[in-house]
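K.L.:
The structure's right below; bear with me while I get my questions together.
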Amino acid sequence: MSTEVAEKEAAVKESEALLSKRRKKLITDPLVDDNPITIQVLGICSALAVTTQMQPTLVMALSVIFVMVMSNLSISLLRNKIPTRVRIIVQLAVVASLVTLVNEVLKAFAYDMYKELSVFVGLIITNCIVMGRLEAYALGNKPYDSILDGFGSALGYSWIILTVAFFRELWGSGSLFGIPIFDGISSLFGPDFQLATNGLMVSPVGAFIILGLLIWVQRSKTGYVEH
């Protein structure tokens, strides 16, 4: 009887929809309810360092998405082959290889961006979000679910740093993606009208303020309380 039950459970798992309710939660939960930055308070360094402008922040977000998805996939595929005692070393080797690939692509096709972001892209290797998902999820789950988990966590990280960058560049430089916004608005009201920028927003203090406000708003909405 127990064998029949096991076979039925296996059949149910095999027939699970590609985007079942459980799998959708792997993507949606990190966006708000279990966000790696605002709830878990991980990956704060890059959220402060690269978010002065939208363009480098977008490149950083895409880099993290690529590294997290591919590293989760790789570790999940190798999960039954990795000795427990060296699993951290293997995880670091996989992540380092992917980060090196991202660095070389930037160096070949976007050299100015490579010079601006090379240090911070390299720090993805030790990003707590990346290593945490490999250790907590990819090592114990199948490849497809691990891809979704990595993608969801990376999206949760990405929208937060892009939001911080949006307000920092807009209020600090008066532009978005290098396009003057404040100057264009000011020109509509004549030469005597000028929207002022705030130099605080281009400093780490500005990043802390915006990030703190995001954490406050999100936790107020979700009702999350730190214990």
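Identifiers in this document derive from the order of the structure tokens: chains are assigned A, B, ..., residues are numbered from 1 separately in each chain, and ligands are numbered from 1 in order of occurrence.
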Counting only C-alpha atoms, what is within 10 Å of Met60 in chain A, bar same-chain residues fewer than 5 positions away, as a count of residues only?

P.N.:
17

K.L.:
Give me the residues near range 199-203 of chain A as a PyMOL selection string, where near means some atom within 9 Å (using only C-alpha atoms) and where sequence neighbours in that chain fewer than 5 positions away do not count.

P.N.:
chain A and resi 48+51-53+167-173+209-210

K.L.:
I want to know what sits within 12 Å of Ser97 in chain A, based on only C-alpha atoms, with residues of the same chain fewer than 3 positions away left out; could you give that as a PyMOL selection string?

P.N.:
chain A and resi 67+70-71+74+90-94+100-104+122+124-125

K.L.:
I need the strand (DSSP E or B) residues of range 1-225 of chain A per DSSP on the backbone, written as a PyMOL selection string.

P.N.:
chain A and resi 175-176+179-180

K.L.:
Measuring atom to atom with only C-alpha atoms, identify which of A:Leu176, A:Ala110, A:Val41, A:Ile75 is nearest to Arg87 in chain A.

P.N.:
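Looking only at the distances to Arg87 in chain A, the closest residue turns out to be A:Ile75.
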